Amino acid sequence: MVNFYGTEVASRLLLGTALYPSPAVMAEAVSASGAGIVTVSLRRESAEGRSGQAFWEMIRGLGAQVLPNTAGCHTVREAVTTAQMAREVFGTDWIKLEVIGEDDTLQPDLFGLIEAARILVAEGFKVFPYTTEDLVAAGRLVDAGCEVLMPWGAPIGSGQGLVNPYGLRAMRSHFPDVTLVVDAGIGVPSHAARAMEMGYDAVLLNTAVAKAGDPAAMARAFALAVEAGRVAFEADPMEPRDMAAPSTPVMGKAFLG
Amino acid sequence: MTIILNGEPREIAARALDAALAELGYGGAHVATAVNGDFVPRGARAGVELNDGDRLEVLAPLQGG
């Protein structure tokens, strides 16, 4: 079980709901992933189309807890207002806080992120900040009241995996009691397994499943990888070494030369 | 008067936000609202008066990552 602000969730895989070929495929993928938390967002609703209403009914039918995001927000004000609107629409004080600072990499604006986190925590939100592996920023977010941190593995949608494993390991070591989630950049299940082997509490991904040829099968593959990585972490992996060390006993070997 | 609804100009007669939403066709919709960048909770809509040129955002759930 992994703890998010006092809520125990069985699955360590959080799944996004965007970019699937169809709503039905999305629902199949969520089911196959076993995810207990799915991310959602808010967008403009037309009075005629009311597409948001149909989507909301479908999400509620999945039985997963929703984590609304502030995707696309570039300023503190936009992100705070979006979070306030999301709280009312989704009926949750959980918010995946994104304040984007750079459009090519979708890198978080850490300064704006910290400021928005302070405001939202003061308003009673439970903030899940999408951040980088920067330890100073992470410390400020924890000081602001964040009990969960979500560093990127690589830029959103890039599928590059964990491009700075040193930084992610350092973050895990520095914040042993904070719930840490690798969010963004994961491309294949081995990336997710690696994050879990490092001791990350969970991973959040979307594109890697949604853009797979068979999203439901890939969702299942990620579920297995996340579980394998977690069990491996709990089993205390061996330390790597530079030189070979025979695994078969040398004692008692026959002399056949 | 003219307001900007989700980025598009619209003519409306209603002044109060809740009445404006009904006039615009959002009656009963599960949406959140903001006027000029400030969140307006559902329970406060009746007490918010719109003015000419106000920017009204009406948002609903959508897929997200």
# chains A, B, ... in the order shown; residues from 1 in each chain; ligands from 1
>>> residues_around(residues="A:Ala202", least_positions_apart="5", cutoff="7 Å", atoms="only C-alpha atoms", output="list in words")
Arg12, Leu13, Leu180, Val181, Val182 and Met196 of chain A
>>> closest_atom_pairs(of="chain A", to="chain B", cutoff="9 Å", atoms="only C-alpha atoms", output="JSON lines")
{"residue": "A:Leu15", "atom": "CA", "partner": "B:Gly65", "partner_atom": "CA", "distance": 7.4}
{"residue": "A:Gly16", "atom": "CA", "partner": "B:Gly65", "partner_atom": "CA", "distance": 4.1}
{"residue": "A:Thr17", "atom": "CA", "partner": "B:Gln63", "partner_atom": "CA", "distance": 5.0}
{"residue": "A:Ala18", "atom": "CA", "partner": "B:Gln63", "partner_atom": "CA", "distance": 4.6}
{"residue": "A:Leu19", "atom": "CA", "partner": "B:Gln63", "partner_atom": "CA", "distance": 7.9}
{"residue": "A:Val38", "atom": "CA", "partner": "B:Gly65", "partner_atom": "CA", "distance": 8.3}
{"residue": "A:Thr39", "atom": "CA", "partner": "B:Gly65", "partner_atom": "CA", "distance": 5.5}
{"residue": "A:Val40", "atom": "CA", "partner": "B:Gly64", "partner_atom": "CA", "distance": 4.0}
{"residue": "A:Ser41", "atom": "CA", "partner": "B:Gly64", "partner_atom": "CA", "distance": 4.7}
{"residue": "A:Leu42", "atom": "CA", "partner": "B:Pro61", "partner_atom": "CA", "distance": 4.7}
{"residue": "A:Arg43", "atom": "CA", "partner": "B:Leu59", "partner_atom": "CA", "distance": 5.1}
{"residue": "A:Arg44", "atom": "CA", "partner": "B:Leu59", "partner_atom": "CA", "distance": 4.4}
{"residue": "A:Glu45", "atom": "CA", "partner": "B:Leu59", "partner_atom": "CA", "distance": 5.2}
{"residue": "A:Ser46", "atom": "CA", "partner": "B:Val58", "partner_atom": "CA", "distance": 8.0}
{"residue": "A:Ala47", "atom": "CA", "partner": "B:Gly25", "partner_atom": "CA", "distance": 5.2}
{"residue": "A:Glu48", "atom": "CA", "partner": "B:Gly25", "partner_atom": "CA", "distance": 7.3}
{"residue": "A:Arg50", "atom": "CA", "partner": "B:Ala29", "partner_atom": "CA", "distance": 7.8}
{"residue": "A:Ser51", "atom": "CA", "partner": "B:Leu62", "partner_atom": "CA", "distance": 8.1}
{"residue": "A:Gly52", "atom": "CA", "partner": "B:Pro61", "partner_atom": "CA", "distance": 4.9}
{"residue": "A:Gln53", "atom": "CA", "partner": "B:His30", "partner_atom": "CA", "distance": 6.5}
{"residue": "A:Ala54", "atom": "CA", "partner": "B:Pro61", "partner_atom": "CA", "distance": 9.0}
{"residue": "A:Phe55", "atom": "CA", "partner": "B:Leu62", "partner_atom": "CA", "distance": 6.4}
{"residue": "A:Trp56", "atom": "CA", "partner": "B:Pro61", "partner_atom": "CA", "distance": 5.9}
{"residue": "A:Pro68", "atom": "CA", "partner": "B:Gly64", "partner_atom": "CA", "distance": 7.6}
{"residue": "A:Asn69", "atom": "CA", "partner": "B:Gly64", "partner_atom": "CA", "distance": 7.0}
{"residue": "A:Ala71", "atom": "CA", "partner": "B:Gly64", "partner_atom": "CA", "distance": 7.7}
{"residue": "A:Arg77", "atom": "CA", "partner": "B:Gly37", "partner_atom": "CA", "distance": 7.9}
{"residue": "A:Glu78", "atom": "CA", "partner": "B:Gly37", "partner_atom": "CA", "distance": 7.4}
{"residue": "A:Thr81", "atom": "CA", "partner": "B:Phe39", "partner_atom": "CA", "distance": 5.7}
{"residue": "A:Thr82", "atom": "CA", "partner": "B:Phe39", "partner_atom": "CA", "distance": 7.9}
{"residue": "A:Gln84", "atom": "CA", "partner": "B:Phe39", "partner_atom": "CA", "distance": 6.6}
{"residue": "A:Met85", "atom": "CA", "partner": "B:Ala32", "partner_atom": "CA", "distance": 5.3}
{"residue": "A:Ala86", "atom": "CA", "partner": "B:Ala32", "partner_atom": "CA", "distance": 7.4}
{"residue": "A:Glu88", "atom": "CA", "partner": "B:Ala32", "partner_atom": "CA", "distance": 6.7}
{"residue": "A:Val89", "atom": "CA", "partner": "B:Ala32", "partner_atom": "CA", "distance": 6.0}
{"residue": "A:Phe90", "atom": "CA", "partner": "B:Pro61", "partner_atom": "CA", "distance": 7.7}
{"residue": "A:Ala184", "atom": "CA", "partner": "B:Gly65", "partner_atom": "CA", "distance": 8.9}
{"residue": "A:Leu204", "atom": "CA", "partner": "B:Gly65", "partner_atom": "CA", "distance": 8.5}
{"residue": "A:Leu205", "atom": "CA", "partner": "B:Gly65", "partner_atom": "CA", "distance": 7.2}
{"residue": "A:Asn206", "atom": "CA", "partner": "B:Gly65", "partner_atom": "CA", "distance": 5.6}
{"residue": "A:Thr207", "atom": "CA", "partner": "B:Gly65", "partner_atom": "CA", "distance": 7.9}
>>> residues_around(residues="B:Ala14", least_positions_apart="2", cutoff="12 Å", atoms="only C-alpha atoms", output="JSON, numbers by chain")
{"B": [1, 2, 3, 10, 11, 12, 16, 17, 18, 19, 20, 21, 22, 23, 24, 46, 48, 49, 50, 51, 52]}
>>> write_last_selection(atoms="N, CA and C atoms", output="PDB file, in the first residue's frame")
ATOM      1  N   MET B   1     -25.645  43.089 -23.410  1.00  0.00           N
ATOM      2  CA  MET B   1     -24.211  43.363 -23.276  1.00  0.00           C
ATOM      3  C   MET B   1     -23.404  42.201 -23.873  1.00  0.00           C
ATOM      4  N   THR B   2     -22.151  42.486 -24.131  1.00  0.00           N
ATOM      5  CA  THR B   2     -21.293  41.451 -24.719  1.00  0.00           C
ATOM      6  C   THR B   2     -20.300  40.956 -23.668  1.00  0.00           C
ATOM      7  N   ILE B   3     -20.259  39.637 -23.509  1.00  0.00           N
ATOM      8  CA  ILE B   3     -19.217  39.048 -22.659  1.00  0.00           C
ATOM      9  C   ILE B   3     -18.353  38.130 -23.534  1.00  0.00           C
ATOM     10  N   ARG B  10     -20.091  36.873 -26.861  1.00  0.00           N
ATOM     11  CA  ARG B  10     -21.501  36.438 -26.857  1.00  0.00           C
ATOM     12  C   ARG B  10     -22.368  37.550 -26.297  1.00  0.00           C
ATOM     13  N   GLU B  11     -23.531  37.746 -26.909  1.00  0.00           N
ATOM     14  CA  GLU B  11     -24.508  38.731 -26.425  1.00  0.00           C
ATOM     15  C   GLU B  11     -25.416  38.047 -25.413  1.00  0.00           C
ATOM     16  N   ILE B  12     -25.564  38.656 -24.256  1.00  0.00           N
ATOM     17  CA  ILE B  12     -26.501  38.088 -23.279  1.00  0.00           C
ATOM     18  C   ILE B  12     -27.325  39.210 -22.655  1.00  0.00           C
ATOM     19  N   ALA B  16     -26.908  38.429 -13.719  1.00  0.00           N
ATOM     20  CA  ALA B  16     -26.353  37.528 -12.704  1.00  0.00           C
ATOM     21  C   ALA B  16     -25.718  36.308 -13.383  1.00  0.00           C
ATOM     22  N   LEU B  17     -24.607  35.820 -12.816  1.00  0.00           N
ATOM     23  CA  LEU B  17     -23.872  34.716 -13.434  1.00  0.00           C
ATOM     24  C   LEU B  17     -24.732  33.464 -13.574  1.00  0.00           C
ATOM     25  N   ASP B  18     -25.519  33.133 -12.545  1.00  0.00           N
ATOM     26  CA  ASP B  18     -26.320  31.900 -12.640  1.00  0.00           C
ATOM     27  C   ASP B  18     -27.353  32.008 -13.764  1.00  0.00           C
ATOM     28  N   ALA B  19     -27.959  33.206 -13.905  1.00  0.00           N
ATOM     29  CA  ALA B  19     -28.943  33.413 -14.974  1.00  0.00           C
ATOM     30  C   ALA B  19     -28.262  33.414 -16.342  1.00  0.00           C
ATOM     31  N   ALA B  20     -27.056  33.978 -16.402  1.00  0.00           N
ATOM     32  CA  ALA B  20     -26.317  34.006 -17.660  1.00  0.00           C
ATOM     33  C   ALA B  20     -25.983  32.584 -18.117  1.00  0.00           C
ATOM     34  N   LEU B  21     -25.602  31.725 -17.182  1.00  0.00           N
ATOM     35  CA  LEU B  21     -25.281  30.335 -17.539  1.00  0.00           C
ATOM     36  C   LEU B  21     -26.504  29.637 -18.117  1.00  0.00           C
ATOM     37  N   ALA B  22     -27.653  29.879 -17.495  1.00  0.00           N
ATOM     38  CA  ALA B  22     -28.892  29.267 -17.997  1.00  0.00           C
ATOM     39  C   ALA B  22     -29.195  29.802 -19.396  1.00  0.00           C
ATOM     40  N   GLU B  23     -29.053  31.111 -19.571  1.00  0.00           N
ATOM     41  CA  GLU B  23     -29.323  31.717 -20.883  1.00  0.00           C
ATOM     42  C   GLU B  23     -28.374  31.169 -21.966  1.00  0.00           C
ATOM     43  N   LEU B  24     -27.144  30.893 -21.573  1.00  0.00           N
ATOM     44  CA  LEU B  24     -26.142  30.399 -22.526  1.00  0.00           C
ATOM     45  C   LEU B  24     -26.287  28.901 -22.806  1.00  0.00           C
ATOM     46  N   ALA B  46     -25.132  33.307  -8.039  1.00  0.00           N
ATOM     47  CA  ALA B  46     -26.313  34.194  -8.050  1.00  0.00           C
ATOM     48  C   ALA B  46     -25.933  35.605  -7.630  1.00  0.00           C
ATOM     49  N   VAL B  48     -23.048  37.148  -8.259  1.00  0.00           N
ATOM     50  CA  VAL B  48     -22.021  37.789  -9.092  1.00  0.00           C
ATOM     51  C   VAL B  48     -22.671  38.418 -10.321  1.00  0.00           C
ATOM     52  N   GLU B  49     -22.506  39.717 -10.489  1.00  0.00           N
ATOM     53  CA  GLU B  49     -23.066  40.434 -11.642  1.00  0.00           C
ATOM     54  C   GLU B  49     -22.015  40.540 -12.734  1.00  0.00           C
ATOM     55  N   LEU B  50     -22.427  40.202 -13.941  1.00  0.00           N
ATOM     56  CA  LEU B  50     -21.508  40.328 -15.081  1.00  0.00           C
ATOM     57  C   LEU B  50     -21.597  41.740 -15.660  1.00  0.00           C
ATOM     58  N   ASN B  51     -20.484  42.194 -16.194  1.00  0.00           N
ATOM     59  CA  ASN B  51     -20.431  43.505 -16.844  1.00  0.00           C
ATOM     60  C   ASN B  51     -19.955  43.345 -18.283  1.00  0.00           C
ATOM     61  N   ASP B  52     -20.247  44.359 -19.079  1.00  0.00           N
ATOM     62  CA  ASP B  52     -19.851  44.330 -20.474  1.00  0.00           C
ATOM     63  C   ASP B  52     -18.344  44.080 -20.597  1.00  0.00           C
TER      64      ASP B  52
END
>>> select_by_dssp(residues="stretch 31-221 of chain A", states="helix (DSSP H, G or I)", output="number ranges by chain")
A: 31-33, 51-62, 76-90, 110-122, 135-144, 165-174, 189-197, 207-210, 215-221
>>> write_last_selection(atoms="C-alpha atoms", output="mmCIF file, in the first residue's frame")
data_model
loop_
_atom_site.group_PDB
_atom_site.id
_atom_site.type_symbol
_atom_site.label_atom_id
_atom_site.label_comp_id
_atom_site.auth_asym_id
_atom_site.auth_seq_id
_atom_site.Cartn_x
_atom_site.Cartn_y
_atom_site.Cartn_z
ATOM 1 C CA SER A 31 -8.882 -1.700 -15.821
ATOM 2 C CA ALA A 32 -5.875 -3.719 -17.060
ATOM 3 C CA SER A 33 -3.439 -1.426 -15.225
ATOM 4 C CA SER A 51 -18.587 16.443 -23.957
ATOM 5 C CA GLY A 52 -17.257 16.936 -20.440
ATOM 6 C CA GLN A 53 -20.450 15.604 -18.902
ATOM 7 C CA ALA A 54 -20.164 12.296 -20.771
ATOM 8 C CA PHE A 55 -16.483 11.957 -19.870
ATOM 9 C CA TRP A 56 -17.206 12.599 -16.194
ATOM 10 C CA GLU A 57 -19.899 9.906 -16.107
ATOM 11 C CA MET A 58 -17.420 7.465 -17.646
ATOM 12 C CA ILE A 59 -14.628 8.287 -15.209
ATOM 13 C CA ARG A 60 -16.936 7.819 -12.249
ATOM 14 C CA GLY A 61 -17.798 4.396 -13.621
ATOM 15 C CA LEU A 62 -14.127 3.327 -13.445
ATOM 16 C CA VAL A 76 0.693 30.889 -10.570
ATOM 17 C CA ARG A 77 -2.658 32.634 -10.967
ATOM 18 C CA GLU A 78 -3.816 30.292 -13.742
ATOM 19 C CA ALA A 79 -2.757 27.237 -11.784
ATOM 20 C CA VAL A 80 -4.421 28.378 -8.553
ATOM 21 C CA THR A 81 -7.701 29.270 -10.294
ATOM 22 C CA THR A 82 -7.675 25.970 -12.204
ATOM 23 C CA ALA A 83 -7.092 24.056 -8.955
ATOM 24 C CA GLN A 84 -9.998 25.859 -7.306
ATOM 25 C CA MET A 85 -12.270 25.035 -10.248
ATOM 26 C CA ALA A 86 -11.096 21.400 -10.279
ATOM 27 C CA ARG A 87 -11.853 21.010 -6.575
ATOM 28 C CA GLU A 88 -15.468 21.986 -7.162
ATOM 29 C CA VAL A 89 -16.008 19.943 -10.325
ATOM 30 C CA PHE A 90 -14.243 16.763 -9.186
ATOM 31 C CA LEU A 110 9.974 25.691 -10.000
ATOM 32 C CA PHE A 111 9.656 29.237 -8.659
ATOM 33 C CA GLY A 112 6.007 29.479 -9.687
ATOM 34 C CA LEU A 113 5.398 25.912 -8.543
ATOM 35 C CA ILE A 114 6.582 26.635 -5.000
ATOM 36 C CA GLU A 115 4.548 29.843 -4.810
ATOM 37 C CA ALA A 116 1.386 28.124 -6.098
ATOM 38 C CA ALA A 117 1.931 25.186 -3.715
ATOM 39 C CA ARG A 118 2.088 27.559 -0.724
ATOM 40 C CA ILE A 119 -1.172 29.232 -1.751
ATOM 41 C CA LEU A 120 -2.991 25.972 -2.397
ATOM 42 C CA VAL A 121 -1.810 24.247 0.800
ATOM 43 C CA ALA A 122 -3.076 27.286 2.745
ATOM 44 C CA LEU A 135 16.723 18.983 -4.191
ATOM 45 C CA VAL A 136 16.480 22.634 -3.191
ATOM 46 C CA ALA A 137 13.100 23.030 -4.873
ATOM 47 C CA ALA A 138 11.982 19.738 -3.353
ATOM 48 C CA GLY A 139 12.892 21.000 0.119
ATOM 49 C CA ARG A 140 10.921 24.202 -0.456
ATOM 50 C CA LEU A 141 7.896 22.194 -1.600
ATOM 51 C CA VAL A 142 8.070 20.039 1.519
ATOM 52 C CA ASP A 143 8.395 23.208 3.633
ATOM 53 C CA ALA A 144 5.297 24.537 1.840
ATOM 54 C CA PRO A 165 19.096 8.360 -12.251
ATOM 55 C CA TYR A 166 21.714 9.942 -9.979
ATOM 56 C CA GLY A 167 19.408 12.873 -9.240
ATOM 57 C CA LEU A 168 16.422 10.618 -8.623
ATOM 58 C CA ARG A 169 18.438 8.397 -6.261
ATOM 59 C CA ALA A 170 19.660 11.462 -4.388
ATOM 60 C CA MET A 171 16.083 12.676 -4.042
ATOM 61 C CA ARG A 172 14.975 9.335 -2.627
ATOM 62 C CA SER A 173 17.828 9.434 -0.095
ATOM 63 C CA HIS A 174 17.138 13.037 0.923
ATOM 64 C CA PRO A 189 7.871 -0.956 -18.420
ATOM 65 C CA SER A 190 11.585 -1.385 -17.640
ATOM 66 C CA HIS A 191 11.770 2.362 -16.952
ATOM 67 C CA ALA A 192 8.977 2.005 -14.407
ATOM 68 C CA ALA A 193 10.625 -1.044 -12.838
ATOM 69 C CA ARG A 194 13.870 0.904 -12.482
ATOM 70 C CA ALA A 195 12.125 3.751 -10.655
ATOM 71 C CA MET A 196 10.504 1.261 -8.303
ATOM 72 C CA GLU A 197 13.812 -0.569 -7.691
ATOM 73 C CA THR A 207 1.535 8.396 -23.146
ATOM 74 C CA ALA A 208 3.457 5.115 -22.845
ATOM 75 C CA VAL A 209 0.174 3.243 -22.430
ATOM 76 C CA ALA A 210 -2.147 5.426 -24.513
ATOM 77 C CA PRO A 215 -2.923 0.035 -24.696
ATOM 78 C CA ALA A 216 -4.628 -2.542 -22.480
ATOM 79 C CA ALA A 217 -1.765 -5.037 -22.927
ATOM 80 C CA MET A 218 0.799 -2.308 -22.237
ATOM 81 C CA ALA A 219 -1.118 -1.255 -19.137
ATOM 82 C CA ARG A 220 -0.874 -4.833 -17.874
ATOM 83 C CA ALA A 221 2.858 -4.881 -18.674
#
>>> residues_around(residues="A:Glu98", least_positions_apart="6", cutoff="9 Å", atoms="only C-alpha atoms", output="ChimeraX atom specification")
/A:69-74,79,108-109,113,128-131
>>> write_last_selection(atoms="N, CA, C and O atoms", output="PDB file, in the first residue's frame")
ATOM      1  N   ASN A  69      -5.435  17.652 -12.733  1.00  0.00           N
ATOM      2  CA  ASN A  69      -4.176  18.365 -12.933  1.00  0.00           C
ATOM      3  C   ASN A  69      -4.433  19.819 -13.333  1.00  0.00           C
ATOM      4  O   ASN A  69      -5.562  20.213 -13.614  1.00  0.00           O
ATOM      5  N   THR A  70      -3.356  20.591 -13.325  1.00  0.00           N
ATOM      6  CA  THR A  70      -3.419  21.975 -13.816  1.00  0.00           C
ATOM      7  C   THR A  70      -2.583  22.082 -15.100  1.00  0.00           C
ATOM      8  O   THR A  70      -1.905  23.077 -15.323  1.00  0.00           O
ATOM      9  N   ALA A  71      -2.640  21.037 -15.911  1.00  0.00           N
ATOM     10  CA  ALA A  71      -1.821  20.979 -17.129  1.00  0.00           C
ATOM     11  C   ALA A  71      -2.057  22.201 -18.003  1.00  0.00           C
ATOM     12  O   ALA A  71      -3.184  22.670 -18.153  1.00  0.00           O
ATOM     13  N   GLY A  72      -0.967  22.691 -18.568  1.00  0.00           N
ATOM     14  CA  GLY A  72      -1.065  23.821 -19.493  1.00  0.00           C
ATOM     15  C   GLY A  72      -0.997  25.175 -18.825  1.00  0.00           C
ATOM     16  O   GLY A  72      -0.937  26.188 -19.511  1.00  0.00           O
ATOM     17  N   CYS A  73      -1.009  25.199 -17.494  1.00  0.00           N
ATOM     18  CA  CYS A  73      -0.932  26.491 -16.798  1.00  0.00           C
ATOM     19  C   CYS A  73       0.509  26.984 -16.776  1.00  0.00           C
ATOM     20  O   CYS A  73       1.424  26.231 -16.437  1.00  0.00           O
ATOM     21  N   HIS A  74       0.684  28.252 -17.118  1.00  0.00           N
ATOM     22  CA  HIS A  74       2.028  28.829 -17.160  1.00  0.00           C
ATOM     23  C   HIS A  74       2.259  29.859 -16.058  1.00  0.00           C
ATOM     24  O   HIS A  74       3.369  30.346 -15.909  1.00  0.00           O
ATOM     25  N   ALA A  79      -2.796  28.541 -12.445  1.00  0.00           N
ATOM     26  CA  ALA A  79      -2.757  27.237 -11.784  1.00  0.00           C
ATOM     27  C   ALA A  79      -3.645  27.233 -10.544  1.00  0.00           C
ATOM     28  O   ALA A  79      -4.375  26.264 -10.290  1.00  0.00           O
ATOM     29  N   PRO A 108       8.896  22.149 -15.461  1.00  0.00           N
ATOM     30  CA  PRO A 108       8.167  22.965 -14.500  1.00  0.00           C
ATOM     31  C   PRO A 108       8.905  24.262 -14.182  1.00  0.00           C
ATOM     32  O   PRO A 108      10.140  24.287 -14.135  1.00  0.00           O
ATOM     33  N   ASP A 109       8.125  25.330 -13.975  1.00  0.00           N
ATOM     34  CA  ASP A 109       8.655  26.587 -13.444  1.00  0.00           C
ATOM     35  C   ASP A 109       8.696  26.405 -11.922  1.00  0.00           C
ATOM     36  O   ASP A 109       7.682  26.533 -11.244  1.00  0.00           O
ATOM     37  N   LEU A 113       5.949  27.126  -9.155  1.00  0.00           N
ATOM     38  CA  LEU A 113       5.398  25.912  -8.543  1.00  0.00           C
ATOM     39  C   LEU A 113       5.369  26.038  -7.017  1.00  0.00           C
ATOM     40  O   LEU A 113       4.365  25.714  -6.360  1.00  0.00           O
ATOM     41  N   PHE A 128       0.066  17.618  -5.164  1.00  0.00           N
ATOM     42  CA  PHE A 128       0.985  16.661  -5.782  1.00  0.00           C
ATOM     43  C   PHE A 128       1.773  17.459  -6.825  1.00  0.00           C
ATOM     44  O   PHE A 128       1.337  17.566  -7.978  1.00  0.00           O
ATOM     45  N   PRO A 129       2.915  18.047  -6.455  1.00  0.00           N
ATOM     46  CA  PRO A 129       3.603  18.921  -7.406  1.00  0.00           C
ATOM     47  C   PRO A 129       4.410  18.139  -8.440  1.00  0.00           C
ATOM     48  O   PRO A 129       5.197  17.257  -8.090  1.00  0.00           O
ATOM     49  N   TYR A 130       4.194  18.503  -9.705  1.00  0.00           N
ATOM     50  CA  TYR A 130       5.024  17.972 -10.795  1.00  0.00           C
ATOM     51  C   TYR A 130       6.288  18.822 -10.819  1.00  0.00           C
ATOM     52  O   TYR A 130       6.256  20.004 -11.135  1.00  0.00           O
ATOM     53  N   THR A 131       7.416  18.208 -10.431  1.00  0.00           N
ATOM     54  CA  THR A 131       8.639  18.969 -10.227  1.00  0.00           C
ATOM     55  C   THR A 131       9.801  18.304 -10.969  1.00  0.00           C
ATOM     56  O   THR A 131       9.589  17.398 -11.779  1.00  0.00           O
TER      57      THR A 131
END
>>> atom_distance(atom1="atom CA of B:Leu56", atom2="atom CA of B:Gly28")
17.3 Å
